[in-house]
Structures are given as structure tokens and as C-alpha cells.
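Participant: Below you'll find my_file32.cif; it's mmCIF, C-alpha atoms and all ligand atoms.
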data_structure
loop_
_atom_site.label_atom_id
_atom_site.label_comp_id
_atom_site.auth_asym_id
_atom_site.auth_seq_id
_atom_site.Cartn_x
_atom_site.Cartn_y
_atom_site.Cartn_z
CA MET A 1 -16.81 1.28 -93.52
CA THR A 2 -16.04 0.87 -89.83
CA GLN A 3 -17.92 3.27 -87.63
CA SER A 4 -15.65 5.08 -85.15
CA LEU A 5 -16.76 5.37 -81.53
CA PRO A 6 -18.52 8.61 -80.53
CA LYS A 7 -16.75 11.17 -78.40
CA ALA A 8 -18.12 12.39 -75.06
CA MET A 9 -18.92 16.07 -75.49
CA ILE A 10 -19.77 18.54 -72.72
CA THR A 11 -23.21 19.87 -73.68
CA ALA A 12 -24.42 21.62 -70.49
CA MET A 13 -23.14 22.85 -67.15
CA GLY A 14 -24.19 24.53 -63.92
CA SER A 15 -22.74 25.51 -60.57
CA TYR A 16 -23.52 26.33 -56.98
CA LEU A 17 -21.51 28.59 -54.69
CA PRO A 18 -22.56 29.10 -51.06
CA GLN A 19 -23.43 32.73 -50.29
CA THR A 20 -21.10 33.24 -47.34
CA ILE A 21 -17.72 34.67 -48.30
CA LEU A 22 -14.86 34.14 -45.85
CA THR A 23 -12.01 36.54 -46.63
CA ASN A 24 -8.36 36.32 -45.59
CA LYS A 25 -8.94 39.52 -43.59
CA GLU A 26 -11.62 37.73 -41.57
CA LEU A 27 -9.30 34.77 -41.02
CA GLU A 28 -6.67 37.19 -39.66
CA LYS A 29 -9.01 37.79 -36.71
CA VAL A 30 -9.28 34.13 -35.72
CA LEU A 31 -5.98 32.57 -36.83
CA ASP A 32 -2.32 33.52 -36.52
CA THR A 33 -2.09 34.43 -40.20
CA SER A 34 -2.30 37.39 -42.56
CA ASP A 35 -3.89 38.27 -45.88
CA GLU A 36 -0.40 39.00 -47.20
CA TRP A 37 0.94 35.54 -46.18
CA ILE A 38 -2.03 33.65 -47.60
CA TYR A 39 -2.16 35.58 -50.87
CA SER A 40 1.58 35.49 -51.55
CA ARG A 41 1.90 31.74 -50.76
CA THR A 42 -1.33 30.51 -52.36
CA GLY A 43 -3.03 33.18 -54.51
CA ILE A 44 -6.18 32.93 -52.37
CA ARG A 45 -8.09 36.06 -51.23
CA GLU A 46 -11.40 34.54 -50.18
CA ARG A 47 -13.44 31.33 -50.21
CA ARG A 48 -17.13 30.34 -49.98
CA ILE A 49 -18.37 28.51 -46.89
CA ALA A 50 -21.57 26.45 -46.78
CA THR A 51 -23.98 26.87 -43.86
CA VAL A 52 -24.16 24.19 -41.15
CA ASN A 53 -27.41 22.92 -42.65
CA GLU A 54 -26.03 22.74 -46.18
CA SER A 55 -24.45 19.40 -47.10
CA THR A 56 -22.50 18.26 -50.15
CA SER A 57 -25.63 16.67 -51.69
CA ASP A 58 -27.52 19.96 -51.22
CA MET A 59 -24.81 21.86 -53.10
CA ALA A 60 -24.53 19.15 -55.76
CA ALA A 61 -28.31 19.12 -56.31
CA GLU A 62 -28.32 22.93 -56.67
CA ALA A 63 -25.54 22.72 -59.27
CA ALA A 64 -27.51 20.04 -61.16
CA LYS A 65 -30.70 22.14 -61.00
CA ASP A 66 -28.79 25.18 -62.31
CA MET A 67 -27.60 23.06 -65.26
CA LEU A 68 -31.04 21.58 -65.95
CA ASP A 69 -32.72 25.02 -65.80
CA LYS A 70 -30.15 26.80 -67.97
CA TYR A 71 -30.22 24.17 -70.71
CA ASN A 72 -33.90 23.32 -70.52
CA LEU A 73 -33.30 19.70 -69.55
CA LYS A 74 -35.30 17.31 -67.37
CA ALA A 75 -33.69 15.31 -64.56
CA ASP A 76 -35.22 12.15 -66.06
CA ASP A 77 -33.04 12.68 -69.14
CA ILE A 78 -29.96 11.71 -67.10
CA ASP A 79 -29.03 8.03 -67.54
CA LEU A 80 -26.10 8.05 -65.13
CA LEU A 81 -24.97 10.48 -62.40
CA ILE A 82 -21.43 10.37 -61.05
CA VAL A 83 -20.64 12.54 -58.03
CA ALA A 84 -16.94 13.09 -57.37
CA THR A 85 -16.46 13.98 -53.70
CA VAL A 86 -14.39 13.30 -50.58
CA THR A 87 -17.02 14.87 -48.35
CA PRO A 88 -20.14 12.73 -48.95
CA ASP A 89 -23.13 13.51 -46.72
CA MET A 90 -22.49 10.11 -45.11
CA PHE A 91 -20.82 6.79 -46.01
CA PHE A 92 -24.06 5.46 -47.41
CA PRO A 93 -26.35 5.97 -49.14
CA SER A 94 -24.19 7.65 -51.74
CA THR A 95 -24.31 11.38 -52.38
CA ALA A 96 -25.45 10.49 -55.91
CA ALA A 97 -28.49 8.68 -54.49
CA LEU A 98 -29.34 11.73 -52.36
CA VAL A 99 -28.92 14.08 -55.33
CA LEU A 100 -31.13 11.92 -57.57
CA GLN A 101 -33.79 11.96 -54.85
CA LYS A 102 -33.55 15.77 -54.57
CA LEU A 103 -34.03 15.94 -58.35
CA ASN A 104 -37.10 13.61 -58.08
CA HIS A 105 -35.33 11.22 -60.42
CA SER A 106 -35.73 7.50 -59.89
CA LYS A 107 -35.35 6.16 -63.44
CA GLY A 108 -31.58 6.36 -63.79
CA TRP A 109 -28.72 5.36 -61.53
CA GLY A 110 -25.66 6.92 -59.96
CA PHE A 111 -22.72 6.50 -57.62
CA ASP A 112 -19.97 8.42 -55.85
CA LEU A 113 -16.35 8.42 -56.88
CA SER A 114 -13.48 9.16 -54.50
CA GLY A 115 -10.50 10.69 -56.27
CA ALA A 116 -9.83 13.73 -54.05
CA CYS A 117 -8.70 16.75 -56.08
CA SER A 118 -8.49 14.59 -59.23
CA GLY A 119 -12.01 13.27 -58.61
CA PHE A 120 -13.62 15.29 -61.37
CA LEU A 121 -11.12 14.09 -63.99
CA TYR A 122 -11.58 10.49 -62.84
CA ALA A 123 -15.39 10.87 -63.03
CA LEU A 124 -15.09 12.47 -66.46
CA SER A 125 -13.09 9.42 -67.56
CA VAL A 126 -15.81 7.03 -66.35
CA GLY A 127 -18.49 9.15 -68.05
CA ASN A 128 -16.39 9.15 -71.23
CA ALA A 129 -16.26 5.34 -71.19
CA TYR A 130 -20.04 5.03 -70.76
CA ILE A 131 -20.68 7.44 -73.64
CA ARG A 132 -18.09 5.90 -75.98
CA SER A 133 -19.33 2.38 -75.35
CA GLY A 134 -22.93 3.42 -76.00
CA MET A 135 -23.98 2.27 -72.51
CA ALA A 136 -25.36 5.73 -71.72
CA LYS A 137 -26.54 8.69 -73.76
CA LYS A 138 -26.53 11.35 -71.06
CA VAL A 139 -24.05 11.23 -68.17
CA ALA A 140 -24.06 13.98 -65.54
CA VAL A 141 -20.77 14.47 -63.69
CA ILE A 142 -20.76 16.60 -60.55
CA GLY A 143 -17.73 17.70 -58.55
CA ALA A 144 -18.89 18.70 -55.07
CA ASP A 145 -17.11 19.18 -51.76
CA LYS A 146 -17.89 20.76 -48.42
CA MET A 147 -14.27 21.02 -47.31
CA SER A 148 -15.21 23.20 -44.31
CA ALA A 149 -16.83 20.06 -42.81
CA ILE A 150 -13.47 18.28 -42.53
CA THR A 151 -11.13 21.21 -41.88
CA ASN A 152 -9.83 21.96 -38.40
CA GLN A 153 -11.00 25.53 -37.85
CA SER A 154 -8.00 26.28 -35.61
CA ASP A 155 -5.33 24.87 -37.97
CA ARG A 156 -3.83 27.70 -40.01
CA ASN A 157 -1.95 25.24 -42.22
CA THR A 158 -5.13 23.83 -43.78
CA ARG A 159 -8.09 26.10 -43.00
CA ILE A 160 -6.82 28.89 -45.25
CA LEU A 161 -6.59 26.62 -48.28
CA PHE A 162 -10.09 25.25 -48.78
CA GLY A 163 -13.59 26.34 -49.76
CA ASP A 164 -17.00 24.79 -50.48
CA ALA A 165 -18.72 24.50 -53.89
CA ALA A 166 -20.32 22.22 -56.46
CA ALA A 167 -20.45 22.23 -60.25
CA ALA A 168 -22.02 19.90 -62.81
CA ILE A 169 -21.52 19.06 -66.47
CA LEU A 170 -23.42 16.84 -68.89
CA LEU A 171 -21.74 14.46 -71.36
CA GLU A 172 -23.45 13.38 -74.57
CA PRO A 173 -22.22 11.51 -77.66
CA SER A 174 -20.84 13.51 -80.59
CA THR A 175 -19.05 12.52 -83.76
CA ASP A 176 -17.05 15.75 -83.97
CA TYR A 177 -16.35 17.16 -80.52
CA GLY A 178 -15.51 15.98 -77.04
CA ILE A 179 -12.84 14.24 -74.98
CA LEU A 180 -9.86 13.45 -77.23
CA ASP A 181 -7.49 11.89 -74.72
CA GLU A 182 -6.77 11.43 -71.03
CA ILE A 183 -3.88 10.28 -68.87
CA LEU A 184 -4.64 9.40 -65.25
CA TYR A 185 -2.48 8.11 -62.42
CA THR A 186 -2.82 6.88 -58.83
CA ASP A 187 0.19 6.30 -56.56
CA GLY A 188 -0.80 5.21 -53.06
CA SER A 189 2.67 5.89 -51.68
CA GLY A 190 1.44 9.48 -51.32
CA LYS A 191 -1.07 8.37 -48.67
CA ASP A 192 0.90 9.77 -45.70
CA TYR A 193 1.11 13.34 -46.98
CA LEU A 194 -2.56 14.32 -47.36
CA TYR A 195 -5.32 12.39 -45.62
CA MET A 196 -8.09 12.27 -43.06
CA PRO A 197 -7.28 9.48 -40.60
CA GLY A 198 -10.54 9.08 -38.68
CA GLY A 199 -14.04 7.83 -39.40
CA GLY A 200 -13.29 4.93 -41.74
CA SER A 201 -12.76 1.25 -40.99
CA ARG A 202 -9.15 1.78 -39.86
CA ASN A 203 -10.04 4.31 -37.17
CA PRO A 204 -13.82 4.19 -36.64
CA ALA A 205 -15.30 7.21 -34.87
CA SER A 206 -14.74 7.08 -31.10
CA HIS A 207 -14.10 9.50 -28.24
CA GLU A 208 -10.41 8.94 -28.91
CA THR A 209 -10.58 9.81 -32.61
CA VAL A 210 -12.52 12.97 -31.78
CA GLU A 211 -10.11 13.96 -28.99
CA LYS A 212 -7.13 13.39 -31.29
CA LYS A 213 -8.80 15.48 -34.03
CA MET A 214 -8.63 12.57 -36.45
CA HIS A 215 -11.70 13.66 -38.39
CA PHE A 216 -9.85 16.55 -40.00
CA ILE A 217 -7.52 16.94 -43.00
CA TYR A 218 -3.80 16.42 -42.37
CA GLN A 219 -1.32 17.69 -44.89
CA ASP A 220 2.43 17.87 -45.28
CA GLY A 221 2.13 20.97 -47.46
CA LYS A 222 5.77 21.12 -48.61
CA THR A 223 5.82 17.50 -49.84
CA VAL A 224 2.41 17.76 -51.52
CA PHE A 225 3.55 20.97 -53.20
CA LYS A 226 6.65 19.31 -54.70
CA PHE A 227 4.74 16.27 -55.99
CA ALA A 228 1.89 18.45 -57.29
CA VAL A 229 4.21 20.65 -59.37
CA LYS A 230 6.02 17.62 -60.80
CA GLY A 231 2.82 15.62 -61.42
CA MET A 232 0.83 18.43 -63.06
CA GLU A 233 3.76 19.54 -65.22
CA GLU A 234 4.71 16.06 -66.41
CA VAL A 235 1.22 14.77 -67.16
CA SER A 236 0.24 17.98 -68.99
CA GLU A 237 3.39 17.89 -71.11
CA LYS A 238 2.90 14.19 -71.79
CA ILE A 239 -0.66 14.53 -73.10
CA LEU A 240 0.38 17.41 -75.39
CA ARG A 241 3.38 15.45 -76.71
CA LYS A 242 1.27 12.31 -77.21
CA ASN A 243 -1.20 14.33 -79.32
CA LYS A 244 1.57 16.18 -81.18
CA LEU A 245 0.48 19.54 -79.75
CA LYS A 246 2.28 22.56 -78.31
CA GLY A 247 1.07 24.87 -75.56
CA SER A 248 0.30 27.49 -78.20
CA ASP A 249 -2.28 25.12 -79.77
CA LEU A 250 -4.45 25.34 -76.64
CA THR A 251 -7.17 27.96 -76.34
CA LEU A 252 -7.52 27.35 -72.62
CA PHE A 253 -5.91 25.45 -69.74
CA ILE A 254 -8.11 24.87 -66.68
CA PRO A 255 -5.93 23.48 -63.90
CA HIS A 256 -7.10 22.28 -60.49
CA GLN A 257 -6.95 25.30 -58.18
CA ALA A 258 -4.88 24.26 -55.13
CA ASN A 259 -2.12 26.86 -55.16
CA LYS A 260 -1.42 29.61 -57.69
CA ARG A 261 2.30 28.81 -57.52
CA ILE A 262 1.60 25.23 -58.67
CA ILE A 263 -0.54 26.61 -61.53
CA ASP A 264 2.16 29.14 -62.49
CA ALA A 265 4.88 26.47 -62.57
CA THR A 266 2.77 24.25 -64.85
CA THR A 267 1.76 27.04 -67.22
CA GLU A 268 5.38 28.20 -67.47
CA ARG A 269 6.54 24.67 -68.30
CA LEU A 270 3.86 24.41 -71.03
CA GLY A 271 4.84 27.83 -72.39
CA LEU A 272 1.33 29.23 -71.97
CA LEU A 273 0.40 32.91 -71.95
CA LYS A 274 -1.65 34.40 -69.11
CA ASN A 275 -4.80 34.61 -71.25
CA GLN A 276 -4.62 30.85 -71.93
CA VAL A 277 -5.08 29.93 -68.26
CA LEU A 278 -8.21 30.10 -66.14
CA ILE A 279 -7.48 31.08 -62.55
CA ASN A 280 -10.20 31.62 -59.94
CA ILE A 281 -8.39 30.39 -56.82
CA ASP A 282 -8.35 34.01 -55.58
CA ARG A 283 -12.17 33.89 -55.19
CA TYR A 284 -12.95 30.27 -54.32
CA ALA A 285 -9.73 28.65 -52.95
CA ASN A 286 -9.41 24.87 -53.28
CA THR A 287 -12.88 23.32 -53.58
CA THR A 288 -11.38 19.86 -54.29
CA ALA A 289 -13.60 18.02 -56.85
CA ALA A 290 -15.43 21.23 -57.80
CA THR A 291 -12.51 23.38 -59.02
CA ILE A 292 -12.36 22.17 -62.64
CA PRO A 293 -16.11 22.09 -63.41
CA LEU A 294 -16.40 25.54 -61.76
CA GLY A 295 -13.67 26.69 -64.13
CA ILE A 296 -15.56 25.18 -67.10
CA CYS A 297 -18.70 27.12 -66.04
CA GLU A 298 -16.71 30.34 -65.75
CA ALA A 299 -15.03 29.87 -69.14
CA THR A 300 -18.45 29.27 -70.72
CA ASP A 301 -19.99 32.34 -69.02
CA LYS A 302 -17.12 34.42 -70.35
CA LYS A 303 -17.54 32.83 -73.82
CA ILE A 304 -13.84 32.00 -73.99
CA LEU A 305 -14.29 28.72 -75.89
CA LYS A 306 -15.60 28.24 -79.45
CA PRO A 307 -16.33 24.97 -81.28
CA GLY A 308 -13.10 23.27 -82.32
CA ASN A 309 -10.97 25.00 -79.63
CA LEU A 310 -8.64 22.81 -77.58
CA LEU A 311 -9.12 22.76 -73.80
CA LEU A 312 -6.68 21.09 -71.43
CA LEU A 313 -7.63 20.08 -67.88
CA ALA A 314 -5.13 18.93 -65.23
CA ALA A 315 -5.36 18.00 -61.57
CA PHE A 316 -3.34 16.67 -58.64
CA GLY A 317 -4.62 15.47 -55.29
CA ALA A 318 -4.52 13.15 -52.30
CA GLY A 319 -3.57 9.55 -52.91
CA PHE A 320 -1.60 10.70 -54.79
CA THR A 321 -3.95 11.04 -57.74
CA TRP A 322 -3.27 13.10 -60.84
CA GLY A 323 -4.05 13.40 -64.49
CA SER A 324 -4.81 15.42 -67.56
CA THR A 325 -7.71 15.48 -70.05
CA LEU A 326 -7.69 16.96 -73.54
CA ILE A 327 -10.99 18.19 -74.99
CA LYS A 328 -12.02 19.47 -78.40
CA TRP A 329 -14.67 21.96 -77.31
CA GLY A 330 -18.03 21.69 -79.06
CA MET A 331 -20.42 24.23 -77.54
CA SER A 332 -20.92 27.60 -79.18
N1 LIG B 401 -0.21 31.90 -41.95
C1 LIG B 401 1.02 32.27 -41.55
N2 LIG B 401 2.04 31.43 -41.46
C2 LIG B 401 1.83 30.15 -41.77
C3 LIG B 401 0.57 29.69 -42.20
C4 LIG B 401 -0.47 30.62 -42.27
N3 LIG B 401 -1.71 30.29 -42.68
N4 LIG B 401 0.65 28.38 -42.46
C5 LIG B 401 1.92 28.00 -42.21
N5 LIG B 401 2.62 29.08 -41.79
C6 LIG B 401 4.02 29.14 -41.40
C7 LIG B 401 4.58 27.79 -41.06
O1 LIG B 401 4.29 27.45 -39.72
C8 LIG B 401 6.05 28.01 -41.31
O2 LIG B 401 6.60 28.67 -40.18
P1 LIG B 401 8.07 28.29 -39.65
O3 LIG B 401 9.00 28.61 -40.79
O4 LIG B 401 8.22 29.17 -38.46
O5 LIG B 401 8.00 26.83 -39.34
C9 LIG B 401 6.08 29.01 -42.48
O6 LIG B 401 4.79 29.62 -42.49
C10 LIG B 401 6.34 28.35 -43.80
O7 LIG B 401 5.47 27.25 -43.91
P2 LIG B 401 5.54 26.28 -45.11
O8 LIG B 401 4.63 25.12 -44.90
O9 LIG B 401 6.97 26.00 -45.41
O10 LIG B 401 4.96 27.22 -46.27
P3 LIG B 401 4.88 26.93 -47.78
O11 LIG B 401 5.54 28.00 -48.54
O12 LIG B 401 5.23 25.50 -48.11
O13 LIG B 401 3.31 27.08 -48.04
C11 LIG B 401 1.35 25.77 -48.36
C12 LIG B 401 2.38 26.24 -47.37
C13 LIG B 401 0.36 24.85 -47.65
C14 LIG B 401 0.62 26.97 -48.90
C15 LIG B 401 2.05 25.03 -49.52
O14 LIG B 401 2.95 24.10 -49.00
C16 LIG B 401 1.11 24.32 -50.42
O15 LIG B 401 0.30 24.94 -51.10
N6 LIG B 401 1.21 22.99 -50.52
C17 LIG B 401 0.40 22.21 -51.44
C18 LIG B 401 -1.01 22.24 -50.99
C19 LIG B 401 -1.90 21.56 -51.95
O16 LIG B 401 -1.82 21.79 -53.11
N7 LIG B 401 -2.80 20.75 -51.40
C20 LIG B 401 -3.85 20.15 -52.08
C21 LIG B 401 -3.38 19.28 -53.14
S1 LIG B 401 -4.76 18.97 -54.07
#
Rewrite the coordinates I just gave you, this time as C-alpha cells.
Ligand code: COA
Facilitator:
Amino acid sequence: MTQSLPKAMITAMGSYLPQTILTNKELEKVLDTSDEWIYSRTGIRERRIATVNESTSDMAAEAAKDMLDKYNLKADDIDLLIVATVTPDMFFPSTAALVLQKLNHSKGWGFDLSGACSGFLYALSVGNAYIRSGMAKKVAVIGADKMSAITNQSDRNTRILFGDAAAAILLEPSTDYGILDEILYTDGSGKDYLYMPGGGSRNPASHETVEKKMHFIYQDGKTVFKFAVKGMEEVSEKILRKNKLKGSDLTLFIPHQANKRIIDATTERLGLLKNQVLINIDRYANTTAATIPLGICEATDKKILKPGNLLLLAAFGAGFTWGSTLIKWGMS
């Protein structure tokens, strides 16, 4: 009898949210904006902001510690750590290296993965491959971003949209439960619509790049919005069709939280009911690589998922990057 490959099952999770809450009302005082405008266009009411001394690796390590504590695990159990982020502490060493050091773990290995708002789904895919191939038994995947570090505080177009957070999950082999399928895309022709021009090898940091505010996010919101709706809808429909499923077969859909209108358009296209969709953008805004694992933590806290339930994840982000992951939930 041929032995089928194991699935990668989510067996633990943890999160970290900075304490400081920045509300739309507070932003009204410093930007030409209003709570009404922000909420009606995006669904956001407030976001968390890390302190100046708190970096992405600090938040990621706290999320990992929360996971290890809650599930009685040791850092040394982790074979591989993948940190999805676009706001690493620095170019090198990697955020993963810094997190492993904060966890006093020097027996495994890890690296960063840059996939913007789809970063967590990309990292999940890599973790899935390591588990399925048998190359690792325990893969930790963290989505962590300190978006406030790269957001122009006086730009109302972008500052209102983002928040800071980190969340972690653990993947382990299972014969019955885990990742069933995934569809991922990258189309670099989206590069001009959402990007940070300065600091890399094209525009290394200089007085000029600082003066021209090139170390901040630039976004053509309208164009990104259009592509995000199309990308999230199409890839989510495609993965359901490919697996001969309907929206009604899903227990839960956890979409990337960039704009509630993008989420609503996708859930409408899939024919999902309100109680099938996890939405927390009102409280945390867009935390880039952290939105989906944060959603997984919240769904688990609320005990929404039972073993055998189907969970769909979908994301869209800079690049453009987008994708969808279908999971047969295994934790009780
Ligand atoms: N407060 C008040 N007014 C604002 C504002 C703010 N924070 N930001 C922009 N405006 C103004 C604009 O200047 C514009 O004014 P004008 O008509 O006088 O030129 C008007 O509001 C409409 O702006 P527009 O950009 O057309 O709004 P929108 O409905 O497209 O919403 C976004 C803007 C950013 C919320 C929306 O485009 C979006 O969510 N895009 C996708 C973002 C995204 O998902 N990014 C991450 C992908 S992972």
C-alpha cells in the first residue's frame, strides 16, 4: 500500500498586540480626516501602535512566547521558523534570527519571507512543503509587521489604514487534518501601485531619500482596491471550485483585513453568510502579514472551529501577491 504524504496541521497559536490603541477620533486631531470617513470607507475604528522601542522581532517573539506558553511547548521543539514581514528590524540579520535568539533557541533554523499582505499565506505554503516532505516535524510561522515604522504620519491616505501586530502558528504532520490545497500568485506588474521606494539597493538611504520621504509606503488606493477585489474573489472561487465545494460548505472564511469593502465583495461573491466570516479590521486595521494568523487566534479563542470543519484563508497585497488556502481544521 502506498503511504500518502502527511498534511500540515495547525496545532498551536499565539499573538501579540501592542497596548497603545490609536482611534480614528484621535487621528481626527492630527490629520484632515474623520472617524465617519475612515469607518465608512474602510471599516476601521482603531488600530494598535507599537512603542518606539518595540520592533517587529520583539512583537514576533512575544507572539511565539504566547504560543509556547499556552500549548506547553519548548522553543527547542521548533525545527524551522519562518517570519513573514515587510518591516524586518533591519536588512540582516533576519527577523527570524533575532526571534530565535530572543527565544534562546539555537538548535533550529529560520528565515524571513517577504510577501507583503500575502506573506503569511506564502509562509504557510513553505511550512506545508517542509511538513509534507518530512523535512521538518514542527514549523513555526509568524506574521509580524510594525507598519507604523514605514507609514508617513502626515499622510492621511495611508496612515489611517495600518496597525502593528504579530501572531504565530505551529504546523505539525497529521494524517487526517491540515492544509488541503492552496493557490498562490505573484504579478510584479503591480509594483507601481503599492511600494516603499527608499532604503533598498535601488535607492539606498541618503539625505535625498529622506528629504523626498522615500522611506514610507506609497499607495494608489483606487487601483489596489480594484485589483484586490478581483484577486481575492477569483482565487477564493477557484480554490472552492477546484475542490468541488460551495461557500456553504465552509465553517469560516478568514480574509486578509485591508478594507471591509474588499472583504464584503469577496464574501458576497462566495455566497457566505455574516457568521461565516471573521472580521476584526475595526479593532486592528491592516497589520499586513499578521492579519490572518491574528484571525486564526481569534477564531480559536471564540471556539468557532471544530475538527473536520473547513476553513478558507485569502489574501491580497503589494507585488501584487495574492492567494487562497483551504484547511481541514483539526484542533478541538
Ligand atoms: N480622510 C478624508 N478624506 C480622505 C482620506 C482620509 N483619510 N484619504 C483620502 N481622502 C480623500 C481623497 O483625497 C479624495 O478626495 P478628492 O475626491 O477631493 O480627491 C477622497 O477622499 C476620495 O479618495 P479615494 O482615494 O478615491 O477614496 P477611496 O474610496 O478609494 O478609499 C482607500 C481610499 C485607501 C480606503 C481605498 O482606496 C482602499 O482601501 N484601497 C485599497 C487599500 C488596500 O487594500 N491596501 C492594502 C492592500 S493589502
Participant: Excluding Thr42 of chain A and its own-chain neighbours fewer than 6 positions away, which residues fall within 7 Å of it when counting only C-alpha atoms? Please give them as a PyMOL selection string.
Facilitator: chain A and resi 259-261
Participant: Given only C-alpha atoms as the basis, pick out the residue of A:Thr209, A:Ser34, A:Asn72, A:Thr85 nearest to Ile142 of chain A.
Facilitator: A:Thr85
Participant: Here is a test: counting only C-alpha atoms and all ligand atoms, which residue of A:Gly43, A:Gly317, A:Gly200, A:Gly134 is nearest to ligand LIG 401 (chain B)?
Facilitator: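 Looking at the shortest contact to ligand LIG 401 (chain B), the residue is A:Gly317.
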Participant: Hey, which of A:Val139, A:Thr175, A:Ala318, A:Met147 ends up closest to Val224 of chain A? Count only C-alpha atoms.
Facilitator: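 Checking each of A:Val139, A:Thr175, A:Ala318, A:Met147 against Val224 of chain A, counting only C-alpha atoms, the winner is A:Ala318.
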Participant: Please, which residues have at least one atom within 9 Å of an atom of ligand LIG 401 (chain B), using only C-alpha atoms and all ligand atoms, listed as an MDAnalysis selection string?
Facilitator: chainID A and resid 27:28 31:38 40:42 116:118 155:162 194 219:229 256:262 286 288 315:318 320:321
Participant: Taking into account all atoms listed in the file, which residue in the set A:Ile169, A:Leu103, A:Ala205, A:Leu17 is nearest to Asp145 of chain A?
Facilitator: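 Using all atoms listed in the file, the shortest distance to Asp145 of chain A belongs to A:Leu17.
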Participant: Could you check how far atom CA of Tyr195 of chain A sits from atom CA of Glu233 of chain A, in Å to one decimal?
Facilitator: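 Separating atom CA of Tyr195 of chain A from atom CA of Glu233 of chain A is a distance of 22.8 Å.
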Participant: Please measure the separation of atom CA of Thr20 of chain A and atom CA of Asp89 of chain A, giving the value in Å to one decimal.
Facilitator: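 Calculated distance between atom CA of Thr20 of chain A and atom CA of Asp89 of chain A is 19.8 Å.
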Participant: Nearest to Ile179 of chain A among A:Asn309, A:Ser94, A:Asn53, A:Asn128, with distances taken over only C-alpha atoms: which residue is it?
Facilitator: A:Asn128
Participant: Determine, counting only C-alpha atoms, which protein, DNA and RNA residues have an atom within 10 Å of an atom of Asp58 of chain A; residues of the same chain fewer than 6 positions away are not included. Present the result as number ranges by chain.
Facilitator: A: 16, 50, 64, 89, 95, 98-99, 102, 144, 166
Participant: How many Å separate atom CA of Asn203 of chain A from atom CA of Val30 of chain A?
Facilitator: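 Answer for the atom CA of Asn203 of chain A to atom CA of Val30 of chain A separation: 29.9 Å.
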Participant: Lys7 of chain A: which residues within 8 Å, counting only C-alpha atoms, same-chain residues fewer than 2 positions away excluded, as a PDB file with C-alpha atoms, in the frame of the given file?
Facilitator:
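Result written to out26.pdb:
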ATOM      1  CA  LEU A   5     -16.760   5.370 -81.530  1.00  0.00           C
ATOM      2  CA  MET A   9     -18.920  16.070 -75.490  1.00  0.00           C
ATOM      3  CA  ASN A 128     -16.390   9.150 -71.230  1.00  0.00           C
ATOM      4  CA  ILE A 131     -20.680   7.440 -73.640  1.00  0.00           C
ATOM      5  CA  ARG A 132     -18.090   5.900 -75.980  1.00  0.00           C
ATOM      6  CA  PRO A 173     -22.220  11.510 -77.660  1.00  0.00           C
ATOM      7  CA  SER A 174     -20.840  13.510 -80.590  1.00  0.00           C
ATOM      8  CA  THR A 175     -19.050  12.520 -83.760  1.00  0.00           C
ATOM      9  CA  ASP A 176     -17.050  15.750 -83.970  1.00  0.00           C
ATOM     10  CA  TYR A 177     -16.350  17.160 -80.520  1.00  0.00           C
ATOM     11  CA  GLY A 178     -15.510  15.980 -77.040  1.00  0.00           C
ATOM     12  CA  ILE A 179     -12.840  14.240 -74.980  1.00  0.00           C
ATOM     13  CA  LEU A 180      -9.860  13.450 -77.230  1.00  0.00           C
TER      14      LEU A 180
END
Participant: Kindly provide, as a PyMOL selection string, the polymer residues lying within 9 Å of (-14.4, 14.0, -65.1), counting all atoms listed in the file and using the coordinates exactly as they appear in the file.
Facilitator: chain A and resi 82+84+118-128+141-143+169+292-293+325
Participant: So which one's closest to Gln153 of chain A, A:Ile217, A:Gly110, A:Asp79, A:Gly190? Using all atoms listed in the file, please.
Facilitator: A:Ile217
Participant: Quick one: everything within 6 Å of segment 105-108 of chain A, counting only C-alpha atoms, minus sequence neighbours fewer than 4 positions away in the same chain. Send it as an NGL selection string.
Facilitator: :A and (76 or 79-80 or 100-101)
Participant: Just the residues within 10 Å of segment 267-269 of chain A, please, counting only C-alpha atoms, with nothing from its chain fewer than 3 positions along; format it as a list of chain:residue names.
Facilitator: A:Met232, A:Glu233, A:Glu234, A:Ser236, A:Glu237, A:Gly247, A:Phe253, A:Pro255, A:Arg261, A:Ile262, A:Ile263, A:Asp264, A:Leu272, A:Leu273, A:Lys274, A:Gln276, A:Val277
